[in-house]
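Step one of this worksheet: look at the structure below.
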Amino acid sequence: MSVENTPCLSACLSAMTAKRAALITDSYKVVKRSRREEKREKRTPSPPQKDTEPRPLTAREIELQELRQFDQDWRYGPCTGISRLQRWERAAQHGLNPPQEIRDMLLSADTDPDYTHCLWSDYPL
């Protein structure tokens, strides 16, 4: 007796073959592969990276960095609510030895708010 002669087995085999051909994953792999290729073709090449060195800091930027470091140094006490010069004077009065160059910077630019106000002056107390 052959497999083709039994009606049940032949129906099962034909049903399995039909199910196998009708699976969505069979065609999905092909579609997915073609979309990837299309995306690769559509992408524009990225511009070449420039090997530029960062520009050197100006004297003002260096001074403002030093003043920010002074603001973040807790050895000289809290700095909220007072100007940088007031903080420097308070630290000197209490014998905390703040850097003299900070005072010189503050006195040379006493009208510039970037110099006079501390780092956290914009935040409410």
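Letters A, B, ... mark the chains of the structure tokens in the order given; residue numbers begin at 1 per chain; ligand numbers begin at 1, in order shown.
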Quiz item: What lies within 9 Å of His117 in chain A using only C-alpha atoms, ignoring chain neighbours under 6 positions off, as a list of chain:residue names?
Solution: A:Ile82, A:Ser83, A:Arg84, A:Leu85
Practice problem: Name the residues in contact with Ile102 in chain A at a cut-off of 10 Å, using only C-alpha atoms, excluding same-chain residues fewer than 4 positions from it; report them as a list in words. | Solution: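 Counting only C-alpha atoms, the residues come to Glu63, Glu66, Leu67, Phe70, Arg84, Leu85, Trp88, Pro98, Leu106, Leu107, Ser108 and Tyr115 of chain A.
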Practice problem: Please provide as a list in words all residues within 8 Å of Leu119 in chain A, with the sequence filter that same-chain residues fewer than 3 positions apart are discarded (counting only C-alpha atoms). | Solution: Arg68, Asp71 and Asp122 of chain A
Practice problem: Identify which of the residues A:His94, A:Arg103, A:Arg60, A:Arg55 lies closest to Tyr76 in chain A, counting only C-alpha atoms when measuring atom-to-atom distances. | Solution: A:His94
Practice problem: Give me, please, the distance in Å between CA of Glu89 in chain A and CA of Asp104 in chain A, quoted to one decimal. | Solution: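 Distance reported for this atom pair: 12.0 Å.
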